[in-house]
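Remarks on the structure that follows.
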Protein chains: 2
Amino acid sequence: MKVIVDGFGGDNAPIAVLKGCELAVREYGVTVLLTGDTEKLTACAQENGVSLAGFEFANATQVISMEDEPTDVIKAKSDCSMAVGLKLLKEGKGDAFVSAGSTGALVVGSSTLVGRIKGIKRAALAPMLPTSKGMYMLMDSGANLDCRPEMLVQFGIMGSVYMGKIAGISNPRVGVVNVGTEETKGTELELEANELFKLAPVNCIGNVEARELPLGGCEVAVTDGFTGNVILKLTEGLAKGFSANIKKMLLKNAGTKLAALLLKSGLQEFKKSMDYTEYGGAPLMGINKPVIKAHGSSDAKAFKNAIRQAKAFHEQNVIGEIEAGLKTLSSKMAERESAQVGAAE
Amino acid sequence: MKVIVDGFGGDNAPIAVLKGCELAVREYGVTVLLTGDTEKLTACAQENGVSLAGFEFANATQVISMEDEPTDVIKAKSDCSMAVGLKLLKEGKGDAFVSAGSTGALVVGSSTLVGRIKGIKRAALAPMLPTSKGMYMLMDSGANLDCRPEMLVQFGIMGSVYMGKIAGISNPRVGVVNVGTEETKGTELELEANELFKLAPVNCIGNVEARELPLGGCEVAVTDGFTGNVILKLTEGLAKGFSANIKKMLLKNAGTKLAALLLKSGLQEFKKSMDYTEYGGAPLMGINKPVIKAHGSSDAKAFKNAIRQAKAFHEQNVIGEIEAGLKTLSSKMAERESAQVGAAE
């Protein structure tokens, strides 16, 4: 299989991208199709001794940055490495796409240049966040500030398929983020989403409070993009704050420094458990081909992991299963509607 | 001054309440007016050797529990210790009220039985959350799921006065919780609130991302009650998860157990820094008399702290300053409106 990779996405591009691709070719036997200025990419590979076996190239003359408007990916910078990659994906020149570039541009570009799964209202970036028992998928994490109930249910179906197929969790629990667990809690959005979830082919456990998210309360948390963005960023900020506090505690005196030595391996594990970039990239759910957003600060290993994720995303037929789930939902919704019409007549 | 205290609010009532009041009388020279079954209260004090010097009592025959509906405080349980306390506060029989009972009941009861500050749209519970540099006040934390822009600005004025007067922070920074710092970010609520904040007599720094909250990005964070509740509960859940991970790390083997001994005092401090109940109770802002919600699990020391907070709330004329702030806001809003009408004519 062939994974298209944005050669100029992320803080450490292109060298980290090249090295990550080299590792992925070797370990997973994939072919990578790298987009960007081919001359620069091959020169960088040569300088750094990166073997280009298993590499293909597609030239792109521009690079989209974090400062550009997301819509520039289809306008002023339509020949950037990200846009070129997405067009190749659309044309079937590769099976999946990985980029560590601008999240906004990737959401806009994927929706416009590749297209959404039939019936899907909005694409959603779905990062994995750590819990004391493993991880959970958060959807939406910021692309769609205002959501309708049906969008939340679609997020639940997509997340459930992904976590089942890729994270290997059987019957993943889908929770609606809410201010209480009782059925009557929340705004119209949560109330109606819970009603609609009764028709969806997923294991929806109803409302879940934010307190339970880091404690493993569900495997897929669905919410509007505003709340999801707050959850994602607060998790990041608290992890950073806690780490700083621990560091301060360990550097206090000779005794605490000895303790730090004794805890060395444990502390590394602890730090890793709080770092959501460890879980690879975030899938962009709802696009009709596999797209993985690698973290902006990705190193070679993170790119390798994102390519592995893209490979599984393609091979496990995640999109086909999502389509089947959406079909079940819409036929049940139609059934319910006709029953309501029948009752009213 | 006299603080009215709900004798039967909280998990550890009445003994922790009695002991906390005893400490407060001794340390702060206040009089406490304790509500609830007077016979039970005095018997409990006698059994536990609590001195009742500086105590007054007001009998109440009922207790409102977490299982009761919040509105029961004015209906089925209108003679509960909380309702009796609120009525005494309204009548001026005391200067402030402290309760560790049901949050919902306290919000409903205070708004109905005591009343809001003139012009205030909604009362809001305002917990203090820890940051790496101190603490910040979060408003709203769950009482008002749907908020209008003016409510957020009122929260900002109230929080700014409180943090300035009680927490002693000069010119507290007020931030609007949002998905980005740029002026164009967010929903209508955040966009309009930011516009309106330009007329408010507070140091509003504009949008603040959730990532910055635990890192000390502002001293007063304003948001709708849904988002605020998610922030509050996620902070709790992550602190709990981190603590469990640290504990696991320290109990791993003989070496890590030795490290735990070496870190003993640091760990206690660390735990304390994550525990928002350490900062005393949460003021209920917007009520026209001082009301403090002590944490449900309050012990004697926490009750003593909540009474100290109530005392300062009264003595520092927080409510008078809020009224002045609201007046400035509404006159500036009127000015702006007449300027707009003038420009249109």
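Letters A, B, ... mark the chains of the structure tokens in the order given; residue numbers begin at 1 per chain; ligand numbers begin at 1, in order shown.
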
Inset, instruction - Using only C-alpha atoms, determine which residues lie at most 8 Å from Ile246 in chain A, disregarding the query and same-chain residues fewer than 4 positions distant; provide the list as a PyMOL selection string. - result: (chain A and resi 242+250) or (chain B and resi 270)

Same residues, N, CA, C and O atoms, saved as a CSV table (one decimal), in the first residue's frame:
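again-v2.csv, freshly written:
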chain,number,residue,atom,x,y,z
A,242,PHE,N,1.3,20.3,36.1
A,242,PHE,CA,1.6,19.2,37.0
A,242,PHE,C,3.1,18.8,36.9
A,242,PHE,O,3.8,18.6,37.8
A,250,LEU,N,11.2,17.8,42.8
A,250,LEU,CA,12.3,16.9,42.7
A,250,LEU,C,13.7,17.7,42.8
A,250,LEU,O,14.7,17.1,43.1
B,270,PHE,N,2.4,19.1,47.1
B,270,PHE,CA,1.9,18.9,45.8
B,270,PHE,C,0.4,18.6,45.8
B,270,PHE,O,-0.4,19.1,45.0

Any chance you could lay chain B over chain A, fitting all C-alpha atoms in order by least squares, and write the moved chain as a short mmCIF file (atom, residue, chain, number, x, y, z; two decimals) with C-alpha atoms, in the first residue's frame?
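Saved as out-v9.cif:
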data_model
loop_
_atom_site.label_atom_id
_atom_site.label_comp_id
_atom_site.auth_asym_id
_atom_site.auth_seq_id
_atom_site.Cartn_x
_atom_site.Cartn_y
_atom_site.Cartn_z
CA MET B 1 -0.08 0.00 -0.05
CA LYS B 2 0.97 3.59 -0.56
CA VAL B 3 0.80 6.41 1.99
CA ILE B 4 0.98 9.99 0.76
CA VAL B 5 2.97 12.14 3.19
CA ASP B 6 3.16 15.93 3.38
CA GLY B 7 6.92 16.54 3.16
CA PHE B 8 6.74 20.06 4.57
CA GLY B 9 4.20 19.77 7.39
CA GLY B 10 5.25 20.26 11.02
CA ASP B 11 7.95 22.05 12.98
CA ASN B 12 10.66 19.51 12.14
CA ALA B 13 10.01 19.14 8.41
CA PRO B 14 11.41 17.98 6.13
CA ILE B 15 14.14 16.04 7.98
CA ALA B 16 11.87 14.39 10.57
CA VAL B 17 9.37 13.51 7.82
CA LEU B 18 12.10 11.89 5.70
CA LYS B 19 13.48 9.89 8.62
CA GLY B 20 10.00 8.82 9.73
CA CYS B 21 9.15 7.66 6.21
CA GLU B 22 12.41 5.72 6.01
CA LEU B 23 11.51 3.90 9.24
CA ALA B 24 7.97 3.20 8.02
CA VAL B 25 9.14 1.78 4.70
CA ARG B 26 11.51 -0.54 6.52
CA GLU B 27 9.15 -1.61 9.31
CA TYR B 28 5.77 -1.74 7.59
CA GLY B 29 6.73 -2.40 3.98
CA VAL B 30 4.70 0.56 2.72
CA THR B 31 5.54 2.83 -0.18
CA VAL B 32 5.54 6.54 0.63
CA LEU B 33 4.61 9.25 -1.83
CA LEU B 34 6.22 12.42 -0.52
CA THR B 35 4.89 15.84 -1.54
CA GLY B 36 6.85 19.11 -1.63
CA ASP B 37 9.85 20.62 -3.35
CA THR B 38 11.41 17.41 -4.69
CA GLU B 39 14.84 18.95 -5.09
CA LYS B 40 14.94 20.12 -1.48
CA LEU B 41 13.60 16.80 -0.22
CA THR B 42 16.17 14.68 -2.06
CA ALA B 43 19.00 17.03 -1.10
CA CYS B 44 17.97 16.87 2.56
CA ALA B 45 17.79 13.07 2.37
CA GLN B 46 21.26 12.86 0.86
CA GLU B 47 22.81 15.22 3.43
CA ASN B 48 21.36 13.18 6.27
CA GLY B 49 21.98 9.74 4.86
CA VAL B 50 18.28 8.88 4.51
CA SER B 51 17.74 5.92 2.17
CA LEU B 52 15.07 6.71 -0.42
CA ALA B 53 14.17 3.08 -1.17
CA GLY B 54 10.39 2.81 -1.26
CA PHE B 55 9.98 6.58 -1.80
CA GLU B 56 8.13 8.32 -4.59
CA PHE B 57 7.89 12.06 -5.01
CA ALA B 58 5.29 14.56 -6.17
CA ASN B 59 6.52 18.10 -6.60
CA ALA B 60 4.79 21.03 -4.88
CA THR B 61 6.08 24.58 -5.07
CA GLN B 62 4.48 26.06 -1.94
CA VAL B 63 4.25 25.45 1.81
CA ILE B 64 1.25 26.42 3.93
CA SER B 65 2.14 27.75 7.37
CA MET B 66 0.31 28.19 10.67
CA GLU B 67 0.07 31.92 9.88
CA ASP B 68 -1.80 31.35 6.61
CA GLU B 69 -5.59 31.30 6.57
CA PRO B 70 -6.93 27.70 6.47
CA THR B 71 -8.76 28.50 3.22
CA ASP B 72 -5.43 29.40 1.57
CA VAL B 73 -4.95 25.67 1.05
CA ILE B 74 -7.50 25.86 -1.76
CA LYS B 75 -6.79 29.45 -2.81
CA ALA B 76 -3.49 31.36 -2.57
CA LYS B 77 -1.50 28.21 -1.74
CA SER B 78 -3.24 25.60 -3.87
CA ASP B 79 0.16 24.23 -4.93
CA CYS B 80 1.41 23.66 -1.38
CA SER B 81 2.66 20.25 -0.27
CA MET B 82 -0.57 19.66 1.69
CA ALA B 83 -2.94 20.53 -1.16
CA VAL B 84 -0.94 18.47 -3.66
CA GLY B 85 -1.10 15.49 -1.30
CA LEU B 86 -4.84 15.82 -0.82
CA LYS B 87 -5.41 16.01 -4.57
CA LEU B 88 -3.32 12.86 -5.09
CA LEU B 89 -5.41 11.13 -2.41
CA LYS B 90 -8.61 12.17 -4.16
CA GLU B 91 -7.28 10.83 -7.47
CA GLY B 92 -6.45 7.48 -5.90
CA LYS B 93 -2.69 7.89 -6.31
CA GLY B 94 -2.29 6.73 -2.73
CA ASP B 95 -4.40 5.02 -0.05
CA ALA B 96 -4.07 7.45 2.85
CA PHE B 97 -2.61 10.87 3.68
CA VAL B 98 -0.46 12.02 6.61
CA SER B 99 0.35 15.65 7.41
CA ALA B 100 1.74 17.50 10.42
CA GLY B 101 0.81 20.87 8.90
CA SER B 102 -1.86 23.41 9.93
CA THR B 103 -4.90 21.69 11.43
CA GLY B 104 -7.32 24.27 10.07
CA ALA B 105 -5.92 23.94 6.56
CA LEU B 106 -6.08 20.14 6.75
CA VAL B 107 -9.75 20.18 7.80
CA VAL B 108 -10.70 22.68 5.08
CA GLY B 109 -8.50 21.04 2.44
CA SER B 110 -9.66 17.50 3.15
CA SER B 111 -13.35 18.46 3.16
CA THR B 112 -13.01 20.43 -0.07
CA LEU B 113 -10.38 18.57 -2.09
CA VAL B 114 -11.10 14.98 -0.99
CA GLY B 115 -14.70 15.17 0.21
CA ARG B 116 -16.73 13.82 3.08
CA ILE B 117 -18.32 10.41 3.53
CA LYS B 118 -21.84 10.50 2.09
CA GLY B 119 -24.26 11.71 4.75
CA ILE B 120 -21.58 13.05 7.10
CA LYS B 121 -22.39 16.64 8.05
CA ARG B 122 -18.95 17.71 9.25
CA ALA B 123 -15.45 16.32 9.45
CA ALA B 124 -13.91 16.26 12.92
CA LEU B 125 -10.38 15.93 14.19
CA ALA B 126 -10.31 13.21 16.81
CA PRO B 127 -7.29 13.28 19.13
CA MET B 128 -6.60 10.48 21.60
CA LEU B 129 -6.28 11.62 25.20
CA PRO B 130 -4.72 9.64 28.04
CA THR B 131 -6.73 8.05 30.85
CA SER B 132 -5.60 6.11 33.87
CA LYS B 133 -6.62 2.95 32.00
CA GLY B 134 -5.59 3.73 28.42
CA MET B 135 -6.99 6.40 26.18
CA TYR B 136 -10.16 7.92 24.81
CA MET B 137 -11.04 9.58 21.54
CA LEU B 138 -12.37 13.12 21.72
CA MET B 139 -14.72 14.39 19.03
CA ASP B 140 -15.07 17.18 18.03
CA SER B 141 -11.93 18.88 19.28
CA GLY B 142 -12.45 22.33 17.80
CA ALA B 143 -13.39 22.34 14.11
CA ASN B 144 -17.15 22.69 14.66
CA LEU B 145 -18.03 25.11 17.44
CA ASP B 146 -21.77 24.82 16.91
CA CYS B 147 -23.01 21.26 16.54
CA ARG B 148 -26.43 19.75 15.93
CA PRO B 149 -27.52 16.55 17.71
CA GLU B 150 -27.15 14.42 14.56
CA MET B 151 -23.52 15.52 14.24
CA LEU B 152 -22.75 14.25 17.74
CA VAL B 153 -24.30 10.90 16.88
CA GLN B 154 -22.26 10.71 13.69
CA PHE B 155 -19.14 11.47 15.74
CA GLY B 156 -20.12 8.58 18.00
CA ILE B 157 -20.49 6.15 15.11
CA MET B 158 -17.16 7.18 13.57
CA GLY B 159 -15.32 7.06 16.88
CA SER B 160 -16.81 3.71 17.78
CA VAL B 161 -15.67 2.13 14.49
CA TYR B 162 -12.20 3.64 14.78
CA MET B 163 -11.61 2.63 18.40
CA GLY B 164 -12.95 -0.85 17.70
CA LYS B 165 -10.92 -1.45 14.55
CA ILE B 166 -7.70 0.49 15.20
CA ALA B 167 -7.33 0.62 18.97
CA GLY B 168 -8.70 -2.91 19.29
CA ILE B 169 -11.29 -2.10 21.93
CA SER B 170 -14.30 -4.38 21.70
CA ASN B 171 -17.64 -2.60 21.95
CA PRO B 172 -16.19 0.82 22.79
CA ARG B 173 -18.31 2.91 25.16
CA VAL B 174 -19.51 6.17 23.65
CA GLY B 175 -20.34 8.97 26.11
CA VAL B 176 -22.01 12.35 25.62
CA VAL B 177 -20.04 14.96 27.60
CA ASN B 178 -22.50 16.59 29.98
CA VAL B 179 -22.84 18.40 33.31
CA GLY B 180 -24.43 15.39 34.98
CA THR B 181 -25.21 11.75 34.28
CA GLU B 182 -29.00 12.02 34.62
CA GLU B 183 -31.02 11.91 31.39
CA THR B 184 -32.54 15.33 32.08
CA LYS B 185 -29.18 17.13 32.26
CA GLY B 186 -27.66 19.48 29.71
CA THR B 187 -28.83 21.70 26.90
CA GLU B 188 -31.05 20.81 23.93
CA LEU B 189 -27.95 19.50 22.14
CA GLU B 190 -27.21 16.80 24.72
CA LEU B 191 -30.86 15.92 25.35
CA GLU B 192 -31.59 15.39 21.66
CA ALA B 193 -28.30 13.65 20.95
CA ASN B 194 -29.05 11.11 23.68
CA GLU B 195 -32.46 10.46 22.16
CA LEU B 196 -30.93 9.97 18.72
CA PHE B 197 -28.17 7.71 20.04
CA LYS B 198 -30.86 5.15 20.87
CA LEU B 199 -31.12 4.56 17.11
CA ALA B 200 -27.39 4.32 16.44
CA PRO B 201 -25.50 1.01 16.20
CA VAL B 202 -23.05 1.94 18.97
CA ASN B 203 -22.63 1.20 22.64
CA CYS B 204 -23.73 4.62 23.91
CA ILE B 205 -23.61 4.81 27.70
CA GLY B 206 -25.43 8.16 27.83
CA ASN B 207 -23.99 11.18 29.58
CA VAL B 208 -20.47 11.25 30.95
CA GLU B 209 -19.16 13.96 33.24
CA ALA B 210 -15.82 15.57 32.45
CA ARG B 211 -14.48 14.22 35.76
CA GLU B 212 -14.73 10.68 34.42
CA LEU B 213 -12.92 11.31 31.12
CA PRO B 214 -9.34 11.03 32.46
CA LEU B 215 -10.41 8.16 34.72
CA GLY B 216 -11.51 6.00 31.79
CA GLY B 217 -15.25 6.70 31.83
CA CYS B 218 -15.62 6.02 28.10
CA GLU B 219 -13.56 5.27 24.99
CA VAL B 220 -15.26 7.81 22.73
CA ALA B 221 -16.33 11.20 24.12
CA VAL B 222 -18.60 13.25 21.86
CA THR B 223 -19.24 16.94 22.31
CA ASP B 224 -19.44 20.20 20.39
CA GLY B 225 -16.16 21.66 19.13
CA PHE B 226 -16.12 24.48 21.67
CA THR B 227 -16.33 22.16 24.68
CA GLY B 228 -14.00 19.64 23.01
CA ASN B 229 -11.39 22.29 22.42
CA VAL B 230 -11.59 23.32 26.08
CA ILE B 231 -11.17 19.67 27.14
CA LEU B 232 -8.17 19.16 24.86
CA LYS B 233 -6.39 22.34 25.89
CA LEU B 234 -7.17 22.08 29.60
CA THR B 235 -5.76 18.54 29.56
CA GLU B 236 -2.57 19.90 27.95
CA GLY B 237 -2.33 22.83 30.37
CA LEU B 238 -2.89 20.74 33.50
CA ALA B 239 -0.32 18.16 32.38
CA LYS B 240 2.17 20.97 31.85
CA GLY B 241 1.35 22.53 35.24
CA PHE B 242 1.61 19.19 37.08
CA SER B 243 4.92 18.40 35.40
CA ALA B 244 6.35 21.78 36.43
CA ASN B 245 5.21 21.21 40.03
CA ILE B 246 6.79 17.75 40.12
CA LYS B 247 10.03 19.11 38.72
CA LYS B 248 10.11 21.85 41.36
CA MET B 249 9.46 19.27 44.08
CA LEU B 250 12.31 17.04 42.85
CA LEU B 251 14.87 19.85 42.62
CA LYS B 252 14.26 21.17 46.13
CA ASN B 253 17.26 19.71 47.96
CA ALA B 254 19.82 16.88 48.00
CA GLY B 255 17.26 14.40 49.39
CA THR B 256 14.67 15.14 46.73
CA LYS B 257 17.36 14.94 44.03
CA LEU B 258 18.24 11.47 45.25
CA ALA B 259 14.54 10.59 45.10
CA ALA B 260 14.48 11.83 41.50
CA LEU B 261 17.29 9.38 40.66
CA LEU B 262 15.42 6.51 42.29
CA LEU B 263 12.29 7.38 40.33
CA LYS B 264 13.98 7.97 36.99
CA SER B 265 12.27 5.26 34.95
CA GLY B 266 8.93 5.75 36.69
CA LEU B 267 9.02 9.47 35.97
CA GLN B 268 9.69 8.87 32.31
CA GLU B 269 6.73 6.52 32.13
CA PHE B 270 4.60 9.05 34.01
CA LYS B 271 5.56 11.83 31.61
CA LYS B 272 4.81 9.57 28.68
CA SER B 273 1.41 8.67 30.09
CA MET B 274 0.43 12.35 30.16
CA ASP B 275 1.66 13.10 26.64
CA TYR B 276 -1.11 12.58 24.16
CA THR B 277 1.27 12.87 21.21
CA GLU B 278 2.56 9.44 22.27
CA TYR B 279 -0.59 7.88 20.87
CA GLY B 280 0.34 8.88 17.32
CA GLY B 281 -1.58 11.31 15.15
CA ALA B 282 -5.23 12.28 15.31
CA PRO B 283 -7.45 10.82 12.59
CA LEU B 284 -9.56 13.31 10.66
CA MET B 285 -12.87 11.51 10.80
CA GLY B 286 -15.62 11.94 8.21
CA ILE B 287 -13.42 12.32 5.13
CA ASN B 288 -14.04 9.61 2.52
CA LYS B 289 -10.37 8.55 2.53
CA PRO B 290 -8.02 8.04 5.50
CA VAL B 291 -6.37 11.28 6.66
CA ILE B 292 -4.11 11.44 9.71
CA LYS B 293 -3.06 14.69 11.36
CA ALA B 294 0.36 14.17 12.93
CA HIS B 295 1.22 16.52 15.81
CA GLY B 296 3.01 19.72 14.75
CA SER B 297 6.03 18.84 16.86
CA SER B 298 6.31 15.29 15.49
CA ASP B 299 9.76 13.71 15.36
CA ALA B 300 10.76 10.80 13.10
CA LYS B 301 9.18 8.23 15.45
CA ALA B 302 5.91 10.16 15.59
CA PHE B 303 5.80 10.28 11.79
CA LYS B 304 6.46 6.55 11.63
CA ASN B 305 3.58 5.97 14.09
CA ALA B 306 1.25 8.21 12.11
CA ILE B 307 2.05 6.22 8.94
CA ARG B 308 1.30 2.98 10.81
CA GLN B 309 -2.03 4.50 11.86
CA ALA B 310 -2.78 5.53 8.27
CA LYS B 311 -2.01 2.02 7.08
CA ALA B 312 -4.37 0.43 9.61
CA PHE B 313 -7.02 3.07 8.86
CA HIS B 314 -6.94 1.94 5.22
CA GLU B 315 -6.52 -1.80 5.70
CA GLN B 316 -9.20 -2.18 8.38
CA ASN B 317 -11.88 -0.68 6.12
CA VAL B 318 -12.82 1.89 8.75
CA ILE B 319 -14.62 4.07 6.23
CA GLY B 320 -16.70 1.17 4.89
CA GLU B 321 -17.86 0.31 8.41
CA ILE B 322 -18.71 3.93 9.12
CA GLU B 323 -20.83 4.01 5.97
CA ALA B 324 -22.67 0.89 7.15
CA GLY B 325 -23.25 2.46 10.58
CA LEU B 326 -24.60 5.65 9.05
CA LYS B 327 -26.94 3.61 6.87
CA THR B 328 -28.35 1.81 9.92
CA LEU B 329 -28.85 5.14 11.68
CA SER B 330 -30.66 6.77 8.79
CA SER B 331 -32.96 3.79 8.17
CA LYS B 332 -33.86 3.71 11.87
CA MET B 333 -34.46 7.46 11.80
CA ALA B 334 -36.75 7.01 8.79
CA GLU B 335 -38.59 4.16 10.57
CA ARG B 336 -39.10 6.31 13.64
CA GLU B 337 -40.35 9.19 11.55
CA SER B 338 -42.88 7.08 9.66
CA ALA B 339 -44.03 5.56 12.97
CA GLN B 340 -44.55 9.07 14.33
CA VAL B 341 -46.44 10.13 11.20
CA GLY B 342 -48.54 6.95 11.45
CA ALA B 343 -49.32 7.63 15.10
CA ALA B 344 -50.34 11.20 14.29
CA GLU B 345 -52.72 10.21 11.50
#

Inset, instruction - Based on DSSP run over this structure's backbone, return all residues of range 118-338 of chain A in strand (DSSP E or B), as a VMD selection string. - result: chain A and resid 124 to 125 128 to 130 135 to 139 173 to 178 203 to 209 220 to 222 282 to 285 287 291 to 293

Convert the current residue selection to file output with C-alpha atoms, as a CSV table (one decimal), in the first residue's frame.
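In the end it all went to again35.csv:
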chain,number,residue,atom,x,y,z
A,124,ALA,CA,-13.9,16.2,12.9
A,125,LEU,CA,-10.4,15.9,14.2
A,128,MET,CA,-6.6,10.5,21.6
A,129,LEU,CA,-6.3,11.6,25.2
A,130,PRO,CA,-4.7,9.6,28.1
A,135,MET,CA,-7.0,6.4,26.2
A,136,TYR,CA,-10.2,7.9,24.8
A,137,MET,CA,-11.1,9.6,21.6
A,138,LEU,CA,-12.4,13.1,21.7
A,139,MET,CA,-14.7,14.4,19.0
A,173,ARG,CA,-18.3,2.9,25.2
A,174,VAL,CA,-19.5,6.2,23.7
A,175,GLY,CA,-20.4,9.0,26.1
A,176,VAL,CA,-22.0,12.4,25.6
A,177,VAL,CA,-20.0,15.0,27.6
A,178,ASN,CA,-22.5,16.7,30.0
A,203,ASN,CA,-22.6,1.2,22.7
A,204,CYS,CA,-23.7,4.6,24.0
A,205,ILE,CA,-23.6,4.8,27.7
A,206,GLY,CA,-25.4,8.2,27.8
A,207,ASN,CA,-24.0,11.2,29.6
A,208,VAL,CA,-20.5,11.3,31.0
A,209,GLU,CA,-19.2,14.0,33.2
A,220,VAL,CA,-15.3,7.8,22.8
A,221,ALA,CA,-16.4,11.2,24.1
A,222,VAL,CA,-18.6,13.2,21.9
A,282,ALA,CA,-5.2,12.3,15.3
A,283,PRO,CA,-7.4,10.8,12.6
A,284,LEU,CA,-9.6,13.3,10.7
A,285,MET,CA,-12.9,11.5,10.8
A,287,ILE,CA,-13.4,12.3,5.1
A,291,VAL,CA,-6.4,11.3,6.7
A,292,ILE,CA,-4.1,11.4,9.7
A,293,LYS,CA,-3.1,14.7,11.4

Legend entry - Per-residue DSSP, range 52-256 of chain A, filtered to alpha helix (DSSP H), as an NGL selection string: :A and (81-90 or 103-109 or 149-165 or 188-197 or 225-250 or 254-256)
